[in-house]
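Report on one structure; see the data block that follows.
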Amino acid sequence: MKTFTKFLGLAVVLLIAIVLAVLCGDYGPWYFAWLVGTTMIILIAVAGGVLFETQLETQKKGS
Amino acid sequence: MPLIDPTVVDLSRLQFALTALYHFLFVPLTLGMTMILAAMETTYVITGKQVYKDMTQFWGKLFGINFAIGVATGLTMEFEFGTNWSMFSHFVGDVFGTPLAIEGLMAFFMESTFIGLMFFGWDRLSKPAHLAITYLVALASNLSALWILIANGFMQDPKGASFNPDTMRMQFNSFVQLVFSPDAQAKFVHTSIAGFVTGAMFVMGVSAYYLLTNRHKEFAARSIRMAAVFGLISTLAVVTLGDALGRLDDLLQPTKIAAIEGLWHTTTSPAAPWLVAALPDDKTQSNVFEIGVPYVLTPLITHTFDKSIPGLIDLEGAAGPKILNGIKAIDALQQYSTTHDAASLATFKQYEDDMGYGFLAQQNAPNQDLNAITPAEMPAVVQQTELDTVPNVFVTFWAFRIMMFLGFYFIALFAFMAYFSLKNQLENNRFLLKLCMISIPAPILACEFGWITAEAGRQPWSVYGWLPTFQAASSHNVGYMVFSLIGFALLYSLFIAAELYLMFKYARLGPQSHDHAAPVAGTGALPMFAKPGFAAKSWE
């Protein structure tokens, strides 16, 4: 039941995302670009942090 | 005695510019820091490492100081629309009030509520729930900026409204057109991401200070890594979006783009130079000296190699017929307001699109009365009004260039910092670290100059093509304006002093790990406000 609820929740999020993308894509291309771009900027910054930890681990193993 | 006192108008402009520029010292940092906090907390949730939680809490504390003082400085501007710009509020209040009201709801309900949860919810919410709250804070702060920029977008390119001759006001036609106006869209994205750059530079600069003083090194190295990557991509996005905004200005506000480029004469060939530096003289309508790069201007502005770009002198000439039409529109409107006859309305509708130019001519008419212009005086009034249709070129030209040069400097700085962070060689580059430290205020300056470019370039209009700035002001006496201007300047300077004092104090103290610390008397169990100096740095 828990998995099913989670699935339903994610399906709703997906639906909202698709509707938002279609609406924004048609009427507000720059708003859509902001949503996608900001998400990308945050995720790449997060990747930078995670990479830092990986580099640190590698250094520790090497020394 | 003239109906509109130009000194009062100038003082009203100065007061609004002053309060807006003061307020804008805080806004970009808020916009950017919330997103960086979201990135740091995401890393905490993914990696589970305590240092990222401490990073979110420490930078969150500095964000909190900035937010608390920044909100107070923004309040006065909304009141100024009523006190100093009552004609503006009367003319476009039906349209302008809506986004402003939504902004108030966003800032004071959504944003403030979630900020409370973010600060005080660390021990009360699960990790994912707190992360969701941090994202909502980031979204809410940027959404409140969105509504202000939608309102400003209407001033730059009035979409979604039309003039009603019965009420003598602009009235809403379409909320969708207002919200999805291309100018509002491009301006929001450009401004919001400029805030990201400001936040990234702040985190990088303060962290560089820790590395230079040999403190909190692990904390600082991680902060710099995330801020440098975040800032580099954001700056690249800001420059790209600035180009989009320039293209829109070329289509919608040719006088602004000509002023930005110091362009007095229409370009005739694709070889037209883009001016790196020049000394525009508004009085002689020429550039005293200029240094340009050929073949850059045309593709930069028009995104083609063959279109011409109209110069200011030609744009002034093109305004002549519009001024004559505008005077006819005002005349018909005056008749209609007393007779309400169909003939006057039809005449008004014929010249309605140029009505704003009629308002603009009013300041050059005898006793500011268009009806008092004799046929012999008309050419002189039109000629004088033509000169009034262009903004101050020197200010617009240099405000834009300072912003743009700073933007390219940020790309280089973030790129070097990201590179040396990836190579783990940050501490060897003390010069670069010092540069980061002294560059902390630079993005804020770039934002201020960007704002000056947008607003000074829109002149002489408060609503482009519809309402001249001098007609938008309230009728006050000069003494009242001087008194309130001095009051604002003193009060806002106090705010700035408080901000700088608190920021320097808490940035100097640096981050603390609060996990194993006992609460100090008076601080309760609130980790965000725990007093520094007692905690173990578990991640070093």
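Ligands are numbered from 1 in the order shown, chains are lettered A, B, ... in the order of the structure tokens, and residues start at 1 in each chain.
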
Can you build me a table of chain A residues sitting at most 9 Å from chain B, with the closest atom pair per residue and its distance in Å to one decimal, using only C-alpha atoms, sorted by chain and residue number, as JSON lines?
```
{"residue": "A:Tyr27", "atom": "CA", "partner": "B:Phe180", "partner_atom": "CA", "distance": 6.4}
{"residue": "A:Gly28", "atom": "CA", "partner": "B:Phe180", "partner_atom": "CA", "distance": 5.7}
{"residue": "A:Pro29", "atom": "CA", "partner": "B:Gln185", "partner_atom": "CA", "distance": 8.1}
{"residue": "A:Trp30", "atom": "CA", "partner": "B:Gln185", "partner_atom": "CA", "distance": 5.6}
{"residue": "A:Tyr31", "atom": "CA", "partner": "B:Gln185", "partner_atom": "CA", "distance": 6.2}
{"residue": "A:Ala33", "atom": "CA", "partner": "B:Val189", "partner_atom": "CA", "distance": 8.2}
{"residue": "A:Trp34", "atom": "CA", "partner": "B:Val189", "partner_atom": "CA", "distance": 5.9}
{"residue": "A:Gly37", "atom": "CA", "partner": "B:Ala237", "partner_atom": "CA", "distance": 8.3}
{"residue": "A:Thr38", "atom": "CA", "partner": "B:Ile193", "partner_atom": "CA", "distance": 8.1}
{"residue": "A:Ile41", "atom": "CA", "partner": "B:Phe230", "partner_atom": "CA", "distance": 5.9}
{"residue": "A:Ile42", "atom": "CA", "partner": "B:Ala39", "partner_atom": "CA", "distance": 5.2}
{"residue": "A:Leu43", "atom": "CA", "partner": "B:Ala39", "partner_atom": "CA", "distance": 7.0}
{"residue": "A:Ile44", "atom": "CA", "partner": "B:Val229", "partner_atom": "CA", "distance": 7.2}
{"residue": "A:Ala45", "atom": "CA", "partner": "B:Met226", "partner_atom": "CA", "distance": 5.0}
{"residue": "A:Val46", "atom": "CA", "partner": "B:Thr43", "partner_atom": "CA", "distance": 5.5}
{"residue": "A:Ala47", "atom": "CA", "partner": "B:Thr43", "partner_atom": "CA", "distance": 8.0}
{"residue": "A:Gly48", "atom": "CA", "partner": "B:Met226", "partner_atom": "CA", "distance": 5.7}
{"residue": "A:Gly49", "atom": "CA", "partner": "B:Met226", "partner_atom": "CA", "distance": 5.7}
{"residue": "A:Val50", "atom": "CA", "partner": "B:Thr43", "partner_atom": "CA", "distance": 6.8}
{"residue": "A:Leu51", "atom": "CA", "partner": "B:Leu422", "partner_atom": "CA", "distance": 8.7}
{"residue": "A:Phe52", "atom": "CA", "partner": "B:Arg222", "partner_atom": "CA", "distance": 7.0}
{"residue": "A:Glu53", "atom": "CA", "partner": "B:Thr47", "partner_atom": "CA", "distance": 8.6}
{"residue": "A:Gln55", "atom": "CA", "partner": "B:Leu422", "partner_atom": "CA", "distance": 8.7}
```

> Can you tell me, as a ChimeraX atom specification, what residues are no more than 9 Å from range 405-415 of chain B when counting only C-alpha atoms, ignoring any on the same chain fewer than 2 positions away?
Replying inline: /B:197,200-201,204,227-233,235-236,238-239,400-403,417-420,432,435-436,439,442-443,445-446

> Near range 277-290 of chain B, counting only C-alpha atoms, which residues have an atom at most 7 Å away, once you skip same-chain residues fewer than 6 positions from it, shown as a list of chain:residue names?
Replying inline: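 Neighbouring residues, sequence-local ones excluded: B:Gly262, B:Trp264, B:Asn392, B:Val393, B:Phe394.
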
>> What parts of range 145-359 of chain B does DSSP call helix (DSSP H, G or I)? I'd like the answer as a PyMOL selection string.
In response: chain B and resi 145-156+175-179+182-212+217-252+254-260+297-302+312-339+342-359

> Can you tell me how far CA of Gln363 in chain B sits from CA of Phe79 in chain B, in Å to one decimal?
Replying inline: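 Between CA of Gln363 in chain B and CA of Phe79 in chain B the gap is 26.5 Å.
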
>> Can you tell me which residues surround range 322-337 of chain B at a distance of at most 8 Å, considering only C-alpha atoms, apart from same-chain residues fewer than 3 positions away, and format the answer as a list of chain:residue names?
In response: B:Pro165, B:Asp166, B:Ala318, B:Ala319, B:His340, B:Asp341, B:Ser344, B:Leu345, B:Thr347, B:Phe348, B:Lys349, B:Gln350, B:Tyr351, B:Glu352, B:Asp353, B:Asp354, B:Met355, B:Gly356, B:Tyr357, B:Gly358, B:Phe359, B:Leu360, B:Ala361, B:Leu370, B:Asn371, B:Val382, B:Thr385, B:Glu386
